[in-house]
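Each remark here refers to the structure printed beneath this line.
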Amino acid sequence: MLPTALLVTLALTAISVWSASDDIEAELAARAKEALADVGVSGGQVSFSGRDANLTGFPPDKAAQAMDAIQRVDGVRAVEISGDTAPPGGPVTTSGEPSSPAPPSPPPSPAPTSAKPTDKAGFQAEIDRLLTATPITFEPDTIALTADGERGAMEIAKLLTDAPRELRFRITGQVATGSDRKLSLNRALAVERLLERNGVNRDQAYSTQRRNSDGANGEGRRVDITAEQR
């Protein structure tokens with residue numbers, strides 16, 4: 001059995017806690033009454049359980065105003081309103097936000113993955129897309145690739161390493177009007193060697209030349225790539 005002194009201590013502690021709780025509820029009820037009077041709302045009752053307020057009996061056109069007034073009272077933790085006059089959204093905390101958790105958002109849809117090409121038409125479409133995004137271009141009057149040109153060639157190399165054996169790819173060098181015709185072939189050869197160094201089969205890429213009439217605005221300093229069936 002517990003010693004008598006301990007029982008007395010526990011009893012006094014319980015009485016003290018109960019009394020403090022009653023004091024808090026009474027103080028909050030008084031504050032709530034004053035807050036409702038300040039905004040001119042009447043016709044309902046406010047009761048407290050600890051720091052949580054419950055509103056009952058307020059007219060429908062005054063319910064939201066009453067909740068707003070009570071949730072602004074210092075010390076109030078949450079506000080609920082009972083009956084048919086309760087506004088939508090569930091219990092309201094002193095921050096004015098619904099206390100019920102928001103419904104979970106649907107999981108994100110997986111990002112679509114593009115299928116790898118398997119035939120001549122598919123490879124040509126992907127080559128055209130890559131070259132449109134990042135053309136394989138050269139510095140003026142040289143076979144030196146620009147930074148973007150080298151990046152574009154590397155993207156093409158990644159694509160062509162998976163090409164079936166029955167396909168091959170014609171690399172056509174181009175030059176601006178007035179440039180050395182031989183330069184177009186050398187540019188095609190430079191790209192051909194880069195592709196081979198990066199995994200493209202030696203017999204699947206070959207070079208040709210063509211003089212271009214795009215002018216000297218830089219559009220002619222590039223190569224085109226065409227997919228062919230063996």
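FYI, nothing fancy with the structure tokens labels: chains A, B, ... in order, residues from 1 per chain, ligands from 1 as they appear.
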Next on the checklist: Report as a VMD selection string all protein, DNA and RNA residues lying within 7 Å of region 42-56 of chain A, evaluated on only C-alpha atoms, omitting residues in the same chain fewer than 2 positions from it.
Outcome noted: chain A and resid 21 24 to 25 29 36 40 58 to 59 75 to 83
Next on the checklist: So that I can see what lies close to region 130-136 of chain A, please list as a ChimeraX atom specification the residues with an atom at most 9 Å from it, counting only C-alpha atoms and leaving out residues fewer than 4 positions away in the same chain.
Outcome noted: /A:125-126,145-146,148-153,155-156,191,221-225
Next on the checklist: To one decimal place in Å, what is the distance between CA of Ala188 (chain A) and CA of Gly220 (chain A)?
Outcome noted: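 Computed distance, CA of Ala188 (chain A) to CA of Gly220 (chain A), equals 12.7 Å.
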Next on the checklist: Taking only C-alpha atoms into account, name the residue in A:Met154, A:Lys182, A:Ala227, A:Arg187 that is nearest to Pro117 (chain A).
Outcome noted: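 For Pro117 (chain A), the nearest of the given residues is A:Ala227.
CA of Lys120 (chain A) sits 28.3 Å away from CA of Ile143 (chain A).
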Item to check | Proximity to Thr226 (chain A) - best of A:Gln71, A:Asn186, A:Ser207, A:Asn198, only C-alpha atoms | outcome: A:Ser207
Item to check | Interatomic distance, CA of Thr208 (chain A) to CA of Val175 (chain A) (Å, one decimal) | outcome: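 For CA of Thr208 (chain A) relative to CA of Val175 (chain A), the distance reads 12.3 Å.
Closest approach to Leu159 (chain A) among A:Gln124, A:Gln174, A:Gln65, A:Thr137 is made by A:Gln124 (distances from only C-alpha atoms).
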Checklist entry - Got a sec to tell me which of region 146-227 of chain A DSSP assigns to strand (DSSP E or B), as an NGL selection string? => result :A and (167-173 or 205-209 or 222-227)
Checklist entry - Using only C-alpha atoms, which residues sit within 12 Å of Ala205 (chain A) once same-chain residues fewer than 2 positions away are excluded, as a PyMOL selection string? => result chain A and resi 156-157+160-161+163+165-172+188-197+199-203+207-208+225-228+230
